[in-house]
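The file model-v1.csv contains CSV, C-alpha atoms and all ligand atoms:
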```csv
chain,number,residue,atom,x,y,z
A,263,MET,CA,112.1,-34.6,33.2
A,264,LYS,CA,108.9,-34.7,35.2
A,265,TYR,CA,110.1,-31.7,37.2
A,266,TYR,CA,111.0,-29.8,34.0
A,267,THR,CA,107.5,-30.4,32.5
A,268,LYS,CA,105.9,-29.3,35.7
A,269,GLU,CA,107.9,-26.1,35.6
A,270,VAL,CA,107.0,-25.4,32.0
A,271,CYS,CA,103.4,-26.0,32.7
A,272,LYS,CA,103.5,-23.6,35.6
A,273,THR,CA,105.2,-20.9,33.5
A,274,LEU,CA,102.7,-21.3,30.8
A,275,LYS,CA,99.9,-21.0,33.3
A,276,ILE,CA,101.3,-17.8,34.6
A,277,VAL,CA,101.7,-16.5,31.1
A,278,LEU,CA,98.2,-17.4,30.2
A,279,ILE,CA,96.8,-15.8,33.3
A,280,GLY,CA,98.9,-12.7,32.6
A,281,CYS,CA,97.6,-12.5,29.0
A,282,SER,CA,94.0,-13.0,30.2
A,283,VAL,CA,94.4,-10.2,32.8
A,284,ILE,CA,95.9,-7.9,30.1
A,285,THR,CA,93.1,-8.8,27.6
A,286,ILE,CA,90.4,-8.3,30.2
A,287,ALA,CA,92.0,-5.0,31.2
A,288,ALA,CA,92.3,-4.0,27.5
A,289,VAL,CA,88.7,-4.9,26.8
A,290,ILE,CA,87.6,-2.9,29.9
A,291,LYS,CA,89.6,0.1,28.9
A,292,TYR,CA,89.6,0.2,25.1
A,293,LYS,CA,87.0,-0.4,22.3
A,294,PRO,CA,87.3,-1.0,18.5
A,295,VAL,CA,85.9,1.8,16.4
A,296,TYR,CA,86.4,3.2,12.9
A,297,ALA,CA,88.5,6.4,12.5
A,298,VAL,CA,87.1,8.3,9.6
A,299,THR,CA,89.5,10.4,7.5
A,300,LEU,CA,88.7,12.7,4.6
A,301,SER,CA,91.6,13.7,2.3
A,302,GLY,CA,94.0,12.4,5.1
A,303,LYS,CA,92.3,14.4,7.8
A,304,THR,CA,90.6,12.6,10.7
A,305,ILE,CA,87.0,13.9,11.0
A,306,GLY,CA,85.8,11.6,13.7
A,307,TYR,CA,84.9,8.1,14.9
A,308,VAL,CA,82.0,5.9,14.0
A,309,ALA,CA,81.0,2.6,15.6
A,310,ASP,CA,79.3,1.1,12.5
A,311,LYS,CA,81.2,1.6,9.2
A,312,GLU,CA,78.5,0.0,7.0
A,313,LYS,CA,75.7,2.1,8.5
A,314,THR,CA,77.8,5.3,7.9
A,315,GLU,CA,78.7,4.3,4.4
A,316,LYS,CA,75.1,3.6,3.6
A,317,LYS,CA,74.0,7.0,4.9
A,318,VAL,CA,76.7,8.8,2.8
A,319,ASN,CA,75.6,6.9,-0.3
A,320,ASN,CA,72.0,7.7,0.3
A,321,TYR,CA,72.9,11.4,0.6
A,322,ILE,CA,74.9,11.3,-2.7
A,323,ASN,CA,72.1,9.5,-4.5
A,324,ASP,CA,69.3,11.7,-3.1
A,325,LYS,CA,67.2,13.1,-6.0
A,326,GLU,CA,64.5,14.9,-3.9
A,327,GLY,CA,63.0,18.2,-4.9
A,328,ASN,CA,65.2,20.2,-7.3
A,329,ILE,CA,68.4,18.1,-6.8
A,330,ALA,CA,69.8,17.1,-10.2
A,331,PHE,CA,72.9,15.3,-8.9
A,332,ARG,CA,75.6,15.3,-6.2
A,333,ILE,CA,79.3,14.9,-6.6
A,334,ALA,CA,81.6,14.1,-3.7
A,335,ASN,CA,84.9,15.9,-3.9
A,336,ALA,CA,86.5,13.3,-1.6
A,337,MET,CA,85.2,10.0,-0.2
A,338,PRO,CA,85.9,9.1,3.5
A,339,ASP,CA,88.4,6.3,4.5
A,340,TYR,CA,87.6,4.0,7.4
A,341,ASN,CA,90.3,2.5,9.7
A,342,LEU,CA,89.7,0.1,12.5
A,343,VAL,CA,91.4,1.4,15.7
A,344,PHE,CA,91.1,0.9,19.4
A,345,VAL,CA,90.3,3.9,21.4
A,346,SER,CA,89.6,4.6,25.0
A,347,ARG,CA,86.1,3.6,26.0
A,348,ALA,CA,85.7,7.2,27.2
A,349,GLN,CA,86.1,8.3,23.6
A,350,GLU,CA,82.6,8.9,22.2
A,351,THR,CA,81.7,8.2,18.6
A,352,ASP,CA,80.2,11.0,16.6
A,353,GLU,CA,78.5,9.8,13.5
A,354,LYS,CA,76.4,13.0,13.1
A,355,GLN,CA,79.5,15.2,13.0
A,356,VAL,CA,81.3,12.8,10.6
A,357,LEU,CA,78.3,12.9,8.2
A,358,MET,CA,78.2,16.6,8.3
A,359,ALA,CA,81.9,16.8,7.5
A,360,VAL,CA,81.4,14.4,4.6
A,361,GLU,CA,78.3,16.3,3.3
A,362,ASP,CA,80.3,19.6,3.4
A,363,ASN,CA,82.6,18.0,0.8
A,364,ILE,CA,79.8,17.0,-1.6
A,365,THR,CA,78.6,19.5,-4.2
A,366,THR,CA,74.8,19.6,-4.9
A,367,THR,CA,73.6,20.7,-8.3
A,368,TYR,CA,70.0,21.8,-8.6
A,369,GLU,CA,67.7,21.9,-11.6
A,370,ILE,CA,65.5,25.0,-12.0
A,371,TYR,CA,63.4,26.4,-14.8
A,372,ALA,CA,64.0,29.7,-16.4
A,373,ILE,CA,61.2,31.4,-18.4
A,374,THR,CA,62.6,33.2,-21.4
A,375,LEU,CA,61.1,36.0,-23.5
A,376,ASP,CA,62.6,36.5,-26.9
A,377,GLY,CA,65.4,34.2,-25.9
A,378,GLU,CA,66.2,36.2,-22.8
A,379,LYS,CA,65.9,34.9,-19.3
A,380,LYS,CA,63.2,36.8,-17.4
A,381,ALA,CA,62.2,34.7,-14.4
A,382,GLU,CA,63.1,31.5,-12.6
A,383,VAL,CA,60.8,28.9,-11.0
A,384,SER,CA,61.3,25.7,-9.1
A,385,SER,CA,59.2,23.4,-11.3
A,386,GLU,CA,58.5,23.0,-15.0
A,387,GLU,CA,54.8,22.9,-14.2
A,388,ASP,CA,54.9,26.3,-12.6
A,389,ALA,CA,56.8,27.6,-15.6
A,390,MET,CA,54.2,26.2,-18.0
A,391,GLN,CA,51.3,27.7,-16.0
A,392,ILE,CA,52.9,31.1,-15.9
A,393,ILE,CA,53.4,31.0,-19.7
A,394,GLU,CA,49.8,30.1,-20.2
A,395,GLU,CA,48.6,32.9,-17.9
A,396,ILE,CA,50.8,35.5,-19.6
A,397,LYS,CA,49.8,34.4,-23.1
A,398,ALA,CA,46.1,34.3,-22.2
A,399,GLY,CA,45.9,38.0,-21.5
A,400,ALA,CA,48.3,39.2,-24.3
A,401,ASN,CA,47.3,41.3,-27.2
A,402,GLU,CA,47.6,39.4,-30.4
A,403,GLU,CA,49.6,42.2,-32.0
A,404,ILE,CA,52.1,42.0,-29.1
A,405,GLU,CA,54.3,39.0,-29.6
A,406,MET,CA,55.3,37.2,-26.4
A,407,LYS,CA,57.8,34.6,-27.5
A,408,LEU,CA,58.0,32.7,-24.3
A,409,GLY,CA,60.0,29.6,-23.6
A,410,ILE,CA,61.3,27.3,-20.8
A,411,VAL,CA,65.0,26.6,-20.3
A,412,THR,CA,66.3,24.1,-17.8
A,413,GLU,CA,69.1,25.5,-15.7
A,414,TYR,CA,71.6,24.0,-13.3
A,415,THR,CA,72.8,25.8,-10.3
A,416,ASN,CA,74.7,25.1,-7.1
A,417,ASP,CA,73.1,28.0,-5.3
A,418,PHE,CA,69.4,27.2,-4.9
A,419,THR,CA,66.7,29.1,-3.2
A,420,VAL,CA,63.1,28.4,-3.6
A,421,ILE,CA,61.6,30.9,-6.1
A,422,SER,CA,57.9,31.8,-5.7
A,423,LYS,CA,55.7,31.2,-8.6
A,424,ASP,CA,53.7,34.4,-7.8
A,425,GLN,CA,56.8,36.5,-7.8
A,426,ALA,CA,57.9,35.1,-11.2
A,427,LEU,CA,54.4,35.7,-12.6
A,428,ALA,CA,54.4,39.3,-11.2
A,429,SER,CA,57.7,40.1,-12.8
A,430,LEU,CA,56.6,38.7,-16.2
A,431,ASN,CA,53.3,40.6,-16.0
A,432,GLU,CA,55.3,43.7,-15.4
A,433,ILE,CA,57.3,43.0,-18.5
A,434,LYS,CA,54.1,42.4,-20.4
A,435,THR,CA,52.6,45.7,-19.2
A,436,GLN,CA,55.8,47.5,-20.3
A,437,LYS,CA,55.6,45.8,-23.7
A,438,ILE,CA,52.0,46.8,-24.2
A,439,ALA,CA,52.8,50.4,-23.2
A,440,ALA,CA,55.8,50.5,-25.6
A,441,TYR,CA,53.6,49.1,-28.3
A,442,GLU,CA,50.9,51.7,-27.7
A,443,THR,CA,53.5,54.5,-27.5
A,444,LYS,CA,54.9,53.3,-30.8
A,445,LYS,CA,51.5,53.1,-32.4
A,446,ALA,CA,50.7,56.7,-31.1
A,447,GLU,CA,54.0,57.9,-32.4
A,448,GLU,CA,53.3,56.3,-35.8
A,449,ALA,CA,49.9,57.9,-35.9
A,450,LYS,CA,51.4,61.3,-34.9
A,451,ALA,CA,54.1,61.0,-37.6
A,452,ALA,CA,51.5,60.1,-40.2
A,453,ARG,CA,49.4,63.1,-39.1
A,454,ILE,CA,52.4,65.4,-39.3
A,455,ALA,CA,53.4,64.0,-42.7
A,456,ALA,CA,49.8,64.5,-43.9
A,457,GLN,CA,49.9,68.1,-42.6
A,458,LYS,CA,53.2,68.7,-44.2
A,459,LYS,CA,51.9,67.3,-47.5
A,460,ALA,CA,48.8,69.6,-47.2
A,461,ILE,CA,51.0,72.6,-46.5
A,462,ALA,CA,53.3,71.7,-49.3
A,463,SER,CA,50.4,71.3,-51.7
A,464,THR,CA,48.9,74.6,-50.5
A,465,THR,CA,52.3,76.3,-50.9
A,466,GLN,CA,52.6,74.8,-54.3
A,467,VAL,CA,49.3,76.2,-55.4
A,468,ALA,CA,50.1,79.6,-53.9
A,469,ALA,CA,53.5,79.5,-55.6
A,470,SER,CA,52.0,78.4,-58.9
A,471,GLY,CA,49.5,81.3,-58.9
A,472,VAL,CA,50.2,81.8,-62.6
A,473,ILE,CA,48.1,80.9,-65.5
A,474,SER,CA,49.4,81.3,-69.0
A,475,GLY,CA,52.0,83.8,-67.8
A,476,LEU,CA,49.4,85.8,-65.9
A,477,GLN,CA,50.2,86.4,-62.2
A,478,LEU,CA,47.0,85.8,-60.1
A,479,SER,CA,46.0,87.0,-56.7
A,480,ILE,CA,43.1,85.9,-54.5
A,481,PRO,CA,39.9,87.9,-54.8
A,482,VAL,CA,38.7,87.5,-51.2
A,483,ASN,CA,39.9,85.9,-48.0
A,484,GLY,CA,37.5,83.3,-46.7
A,485,SER,CA,36.9,79.6,-46.3
A,486,ILE,CA,36.4,77.2,-49.1
A,487,SER,CA,32.8,76.0,-48.9
A,488,SER,CA,32.5,74.1,-52.1
A,489,ARG,CA,35.2,72.9,-54.4
A,490,PHE,CA,35.4,72.9,-58.2
A,491,GLY,CA,34.0,69.7,-59.7
A,492,SER,CA,32.0,68.7,-56.7
A,493,ARG,CA,28.5,67.5,-57.1
A,494,SER,CA,25.9,67.5,-54.3
A,495,ALA,CA,22.2,66.5,-54.0
A,496,SER,CA,21.2,70.2,-54.3
A,497,ARG,CA,23.1,70.6,-57.6
A,498,SER,CA,22.0,69.2,-60.9
A,499,SER,CA,25.4,69.7,-62.5
A,500,ILE,CA,29.1,69.6,-61.7
A,501,HIS,CA,30.3,72.7,-59.9
A,502,THR,CA,32.2,74.9,-62.4
A,503,GLY,CA,33.8,77.2,-59.8
A,504,LEU,CA,35.1,77.6,-56.3
A,505,ASP,CA,32.9,78.9,-53.5
A,506,ILE,CA,34.7,81.1,-50.9
A,507,SER,CA,32.5,81.9,-47.9
A,508,THR,CA,33.0,85.2,-46.2
A,509,SER,CA,30.9,88.0,-44.7
A,510,LEU,CA,28.4,89.9,-46.6
A,511,GLY,CA,29.8,93.1,-48.2
A,512,THR,CA,33.4,92.0,-48.3
A,513,GLY,CA,35.2,93.7,-51.2
A,514,ILE,CA,36.1,91.6,-54.2
A,515,ARG,CA,39.2,92.3,-56.2
A,516,PRO,CA,39.9,90.6,-59.6
A,517,ILE,CA,42.4,87.8,-59.8
A,518,ALA,CA,44.3,89.9,-62.2
A,519,GLY,CA,43.9,93.1,-64.3
A,520,GLY,CA,41.6,93.0,-67.4
A,521,THR,CA,38.5,94.4,-69.0
A,522,VAL,CA,35.0,94.0,-67.6
A,523,THR,CA,32.9,92.1,-70.2
A,524,TYR,CA,29.8,91.5,-68.1
A,525,ALA,CA,28.3,93.3,-65.1
A,526,GLY,CA,24.7,92.5,-64.1
A,527,TYR,CA,22.2,89.9,-63.0
A,528,LYS,CA,22.5,86.5,-64.7
A,529,GLY,CA,20.2,83.7,-63.5
A,530,SER,CA,21.6,81.4,-60.9
A,531,TYR,CA,24.8,83.4,-60.8
A,532,GLY,CA,22.9,86.3,-59.4
A,533,ASN,CA,24.8,89.6,-59.7
A,534,LEU,CA,27.8,88.7,-61.9
A,535,ILE,CA,31.0,90.3,-63.1
A,536,ILE,CA,33.0,88.7,-65.9
A,537,ILE,CA,36.6,90.0,-66.6
A,538,ASN,CA,38.6,89.2,-69.7
A,539,HIS,CA,42.3,88.9,-69.0
A,540,GLY,CA,43.4,88.2,-72.5
A,541,ASN,CA,45.0,85.0,-73.8
A,542,GLY,CA,41.6,83.3,-73.7
A,543,ILE,CA,41.4,83.7,-69.9
A,544,GLU,CA,38.3,84.9,-68.2
A,545,SER,CA,37.2,85.1,-64.5
A,546,TYR,CA,33.6,85.1,-63.1
A,547,TYR,CA,32.6,86.7,-59.7
A,548,ALA,CA,29.0,85.6,-58.9
A,549,HIS,CA,26.3,86.1,-56.2
A,550,CYS,CA,27.6,89.6,-55.6
A,551,ASN,CA,25.6,91.9,-53.3
A,552,GLU,CA,26.8,95.1,-55.1
A,553,LEU,CA,28.7,95.7,-58.4
A,554,TYR,CA,31.1,98.6,-58.5
A,555,VAL,CA,32.3,98.5,-62.1
A,556,GLY,CA,30.5,98.4,-65.4
A,557,VAL,CA,31.1,96.7,-68.8
A,558,GLY,CA,34.2,98.1,-70.6
A,559,ALA,CA,36.0,99.2,-67.4
A,560,ASN,CA,39.7,98.4,-67.3
A,561,VAL,CA,40.5,97.1,-63.8
A,562,ASP,CA,43.7,96.0,-62.1
A,563,ALA,CA,44.3,93.5,-59.3
A,564,GLY,CA,43.9,96.3,-56.7
A,565,THR,CA,40.4,97.5,-57.9
A,566,THR,CA,37.4,96.6,-55.7
A,567,ILE,CA,34.9,95.4,-58.4
A,568,ALA,CA,32.0,94.2,-56.2
A,569,ALA,CA,30.9,93.2,-52.7
A,570,VAL,CA,30.2,89.6,-51.5
A,571,GLY,CA,26.5,88.7,-51.4
A,572,SER,CA,24.0,85.9,-51.7
A,573,THR,CA,22.2,86.7,-54.9
A,574,GLY,CA,21.0,84.1,-57.4
A,575,ASN,CA,21.2,80.4,-56.4
A,576,SER,CA,22.9,80.9,-53.1
A,577,THR,CA,22.3,79.8,-49.5
A,578,GLY,CA,24.6,82.3,-47.8
A,579,PRO,CA,27.1,85.1,-48.6
A,580,HIS,CA,30.0,83.7,-50.6
A,581,LEU,CA,31.9,84.4,-53.8
A,582,HIS,CA,31.6,81.9,-56.6
A,583,LEU,CA,34.9,82.3,-58.5
A,584,GLU,CA,35.1,80.8,-61.9
A,585,ILE,CA,38.2,80.8,-64.1
A,586,ARG,CA,37.7,79.9,-67.8
A,587,VAL,CA,40.4,79.1,-70.3
A,588,ASN,CA,39.1,79.4,-73.9
A,589,GLY,CA,35.6,79.1,-72.5
A,590,THR,CA,36.2,76.0,-70.4
A,591,PRO,CA,36.0,76.2,-66.6
A,592,VAL,CA,39.2,75.1,-64.9
A,593,ASN,CA,39.8,74.4,-61.2
A,594,PRO,CA,40.8,77.7,-59.5
A,595,GLN,CA,42.6,75.7,-56.8
A,596,GLN,CA,45.2,74.8,-59.4
A,597,TYR,CA,46.3,78.4,-59.1
A,598,LEU,CA,44.8,79.9,-56.0
A,599,TYR,CA,43.9,79.0,-52.4
B,1,ZN,ZN,29.6,78.2,-56.7
```
Have the structure of the file written as structure tokens, please.
Amino acid sequence: MKYYTKEVCKTLKIVLIGCSVITIAAVIKYKPVYAVTLSGKTIGYVADKEKTEKKVNNYINDKEGNIAFRIANAMPDYNLVFVSRAQETDEKQVLMAVEDNITTTYEIYAITLDGEKKAEVSSEEDAMQIIEEIKAGANEEIEMKLGIVTEYTNDFTVISKDQALASLNEIKTQKIAAYETKKAEEAKAARIAAQKKAIASTTQVAASGVISGLQLSIPVNGSISSRFGSRSASRSSIHTGLDISTSLGTGIRPIAGGTVTYAGYKGSYGNLIIINHGNGIESYYAHCNELYVGVGANVDAGTTIAAVGSTGNSTGPHLHLEIRVNGTPVNPQQYLY
């Protein structure tokens, strides 16, 4: 019995020593580490699981700069393993692999004009400053409907404020130019319309050249220097005729055929010819230099009856043409010129 006990003790001793030797050998050769896997794939080894986990979480929760949020596509798994002491841990590489599987979403600010995105900046403050600057120099008539829209992107590059401001300024310049072109075009269109209207009214007068069935023609070519009905400081009464300026001696033809009822000097009219066309229509040709026809002469539209002059109340050579219907002067420009 004593011997048996002794033998057992001896065996146990050997076993214990053996175990110790193996343990010492194992401890010398191997070390415990954490194998990190991502979606089943080993990405490396770390010595301190908690420290690595903390770093990963800090990275995910980071809200620095323009980061809006981060989402991990896969989270790492940690398994305690014994590896050869020669095996180095590589926390840095593990973290890099984990970060590669995390998507970062950034917040940026888009400046809109009439609801359309025109420029992007990194901060809302920059966006507000740009809008203020653009609005400060804008013409009141040119509407700059500017706004700020928050945008989210996974592809972030820092956008310079100056660059955004420059591009918006360019748009503003274009808008101003377009506005000015539009204004100029409108003015041009108005001018053309006015010209067309003037031409149309002239044509209308020329076309109407008929009074009480009597076809009229112009007595002289020239420029209108005073219109019918006008009143100036030098005149005491309303102008009863139309003044047509032209050079001295220009031949005057009657507006239509008729009979000469007056041919001679008559006060402020100077040398005057009056022709009766019938139907109560008479025409007056005043300030003449010379008279070529006498009372009672029958003339037609082709007869030269007098020459332009400046006799009577006149400041320069012109024909004062008067048309009277039943004794009342009418505006010659209703029918001629
Ligand atoms: Zn006159």
Find, counting all atoms listed in the file, the residue in A:Asn341, A:Asn533, A:Thr573, A:Thr365 that gets nearest to Thr304 in chain A.
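Nearest candidate to Thr304 in chain A out of A:Asn341, A:Asn533, A:Thr573, A:Thr365: A:Asn341.
Taking all atoms listed in the file into account, Ala330 in chain A lies nearest to A:Phe418 out of the set A:Tyr296, A:Tyr531, A:Tyr266, A:Phe418.
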Closest to Tyr414 in chain A among A:Ser429, A:Lys397, A:Ser485, A:Ile329, using only C-alpha atoms?
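So, comparing all the options, the nearest one is A:Ile329.
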When the cut-off is 9 Å and you count only C-alpha atoms and all ligand atoms, which residues lie near ligand ZN 1 (chain B), shown as a compact mmCIF listing (two decimals) with C-alpha atoms, in the frame of the given file?
```
# COMPACT_ATOMS: atom_id res chain seq x y z
CA SER A 487 32.80 76.00 -48.90
CA SER A 488 32.50 74.10 -52.10
CA ARG A 489 35.20 72.90 -54.40
CA PHE A 490 35.40 72.90 -58.20
CA HIS A 501 30.30 72.70 -59.90
CA THR A 502 32.20 74.90 -62.40
CA GLY A 503 33.80 77.20 -59.80
CA LEU A 504 35.10 77.60 -56.30
CA ASP A 505 32.90 78.90 -53.50
CA ILE A 506 34.70 81.10 -50.90
CA TYR A 531 24.80 83.40 -60.80
CA ALA A 548 29.00 85.60 -58.90
CA HIS A 549 26.30 86.10 -56.20
CA ASN A 575 21.20 80.40 -56.40
CA SER A 576 22.90 80.90 -53.10
CA HIS A 580 30.00 83.70 -50.60
CA LEU A 581 31.90 84.40 -53.80
CA HIS A 582 31.60 81.90 -56.60
CA LEU A 583 34.90 82.30 -58.50
CA GLU A 584 35.10 80.80 -61.90
```
Using all atoms listed in the file, pick whichever of A:Ala348, A:Ala563, A:Ile536, A:Val557 has the shortest atom-to-atom distance to Gly519 in chain A.
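Comparing A:Ala348, A:Ala563, A:Ile536, A:Val557 against Gly519 in chain A, the winner is A:Ala563.
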Give me the residues near range 386-389 of chain A as a ChimeraX atom specification, where near means some atom within 7 Å (using all atoms listed in the file) and where sequence neighbours in that chain fewer than 4 positions away do not count.
/A:371,373,393,410,423
In Å, rounded to a single decimal, give me how far CA of Val561 in chain A is from CA of Pro481 in chain A.
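Interatomic distance, CA of Pro481 in chain A to CA of Val561 in chain A: 12.9 Å.
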Could you work out how far CA of Glu544 in chain A lies from CA of Gln596 in chain A, giving the answer in Å with one decimal?
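CA of Gln596 in chain A sits 15.1 Å away from CA of Glu544 in chain A.
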Please measure the separation of CA of Leu598 in chain A and CA of Leu478 in chain A, giving the value in Å to one decimal.
7.5 Å
Find the residues around Thr565 in chain A up to 10 Å (only C-alpha atoms counted), leave out those fewer than 2 positions away in its own chain, and share them as a VMD selection string.
chain A and resid 513 to 516 518 to 519 554 to 555 560 to 563 567 to 568
Shell around Gly484 in chain A at 7 Å using all atoms listed in the file, local window under 2 positions removed, as a ChimeraX atom specification:
/A:482,486,506-508
Test item: residues at most 12 Å from Pro294 in chain A, only C-alpha atoms, excluding those fewer than 5 positions along its chain, as a PyMOL selection string
chain A and resi 288-289+307-311+341-347+349-351
Which one of A:Glu326, A:Tyr441, A:Asp352, A:Ala381 sits closest to Val295 in chain A if you count only C-alpha atoms?
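Ranking A:Glu326, A:Tyr441, A:Asp352, A:Ala381 by distance to Val295 in chain A, first place goes to A:Asp352.
Among the candidates A:Leu476, A:Ala455, A:Met337, A:Ile370, the one nearest to Val356 in chain A when counting all atoms listed in the file is A:Met337.
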So that I can see what lies close to Ser474 in chain A, please list as a ChimeraX atom specification the residues with an atom at most 9 Å from it, counting only C-alpha atoms and leaving out residues fewer than 2 positions away in the same chain.
/A:472,476-477,541,543
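The residues that lie within 10 Å of the point (47.0, 37.5, -10.9), counting only C-alpha atoms, are Glu395, Ile396, Asp424, Leu427, Ala428 and Asn431 of chain A.
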Once you have the residues from the selection above, write them out as a PDB file, keeping the file's coordinate frame, restricted to C-alpha atoms.
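Contents of the output file again_39.pdb:
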```
ATOM      1  CA  GLU A 395      48.600  32.900 -17.900  1.00  0.00           C
ATOM      2  CA  ILE A 396      50.800  35.500 -19.600  1.00  0.00           C
ATOM      3  CA  ASP A 424      53.700  34.400  -7.800  1.00  0.00           C
ATOM      4  CA  LEU A 427      54.400  35.700 -12.600  1.00  0.00           C
ATOM      5  CA  ALA A 428      54.400  39.300 -11.200  1.00  0.00           C
ATOM      6  CA  ASN A 431      53.300  40.600 -16.000  1.00  0.00           C
TER       7      ASN A 431
END
```
Add whatever atoms are absent from range 396-416 of chain A to reach N, CA and C atoms, and provide the output as a compact mmCIF listing (two decimals), in the coordinates of the input.
```
# COMPACT_ATOMS: atom_id res chain seq x y z
N ILE A 396 50.28 34.28 -18.95
CA ILE A 396 50.80 35.50 -19.60
C ILE A 396 50.23 35.54 -21.05
N LYS A 397 50.23 34.42 -21.72
CA LYS A 397 49.80 34.40 -23.10
C LYS A 397 48.26 34.62 -23.21
N ALA A 398 47.52 34.15 -22.20
CA ALA A 398 46.10 34.30 -22.20
C ALA A 398 45.62 35.75 -22.27
N GLY A 399 46.31 36.61 -21.57
CA GLY A 399 45.90 38.00 -21.50
C GLY A 399 46.65 38.92 -22.49
N ALA A 400 47.42 38.34 -23.39
CA ALA A 400 48.30 39.20 -24.30
C ALA A 400 47.51 39.61 -25.52
N ASN A 401 47.83 40.79 -25.95
CA ASN A 401 47.30 41.30 -27.20
C ASN A 401 47.88 40.55 -28.33
N GLU A 402 47.08 40.21 -29.32
CA GLU A 402 47.60 39.40 -30.40
C GLU A 402 48.70 40.10 -31.20
N GLU A 403 48.63 41.43 -31.21
CA GLU A 403 49.60 42.20 -32.00
C GLU A 403 50.97 42.25 -31.23
N ILE A 404 50.91 41.98 -29.92
CA ILE A 404 52.10 42.00 -29.10
C ILE A 404 52.66 40.61 -28.99
N GLU A 405 53.77 40.35 -29.63
CA GLU A 405 54.30 39.00 -29.60
C GLU A 405 55.00 38.74 -28.29
N MET A 406 54.63 37.62 -27.66
CA MET A 406 55.30 37.20 -26.40
C MET A 406 55.91 35.85 -26.69
N LYS A 407 57.13 35.88 -27.16
CA LYS A 407 57.80 34.60 -27.50
C LYS A 407 58.42 34.05 -26.21
N LEU A 408 57.60 33.21 -25.54
CA LEU A 408 58.00 32.70 -24.30
C LEU A 408 58.51 31.23 -24.39
N GLY A 409 59.48 30.91 -23.57
CA GLY A 409 60.00 29.60 -23.60
C GLY A 409 60.51 29.15 -22.23
N ILE A 410 60.83 27.84 -22.11
CA ILE A 410 61.30 27.30 -20.80
C ILE A 410 62.72 26.73 -21.08
N VAL A 411 63.65 27.11 -20.21
CA VAL A 411 65.00 26.60 -20.30
C VAL A 411 65.37 25.96 -18.97
N THR A 412 65.89 24.72 -19.01
CA THR A 412 66.30 24.10 -17.80
C THR A 412 67.71 24.57 -17.43
N GLU A 413 67.86 24.96 -16.17
CA GLU A 413 69.10 25.50 -15.70
C GLU A 413 69.67 24.71 -14.58
N TYR A 414 71.00 24.70 -14.44
CA TYR A 414 71.60 24.00 -13.30
C TYR A 414 72.38 24.99 -12.47
N THR A 415 72.17 24.87 -11.17
CA THR A 415 72.80 25.80 -10.30
C THR A 415 73.24 25.10 -8.97
N ASN A 416 74.30 25.60 -8.34
CA ASN A 416 74.70 25.10 -7.10
C ASN A 416 74.17 25.91 -5.93
```
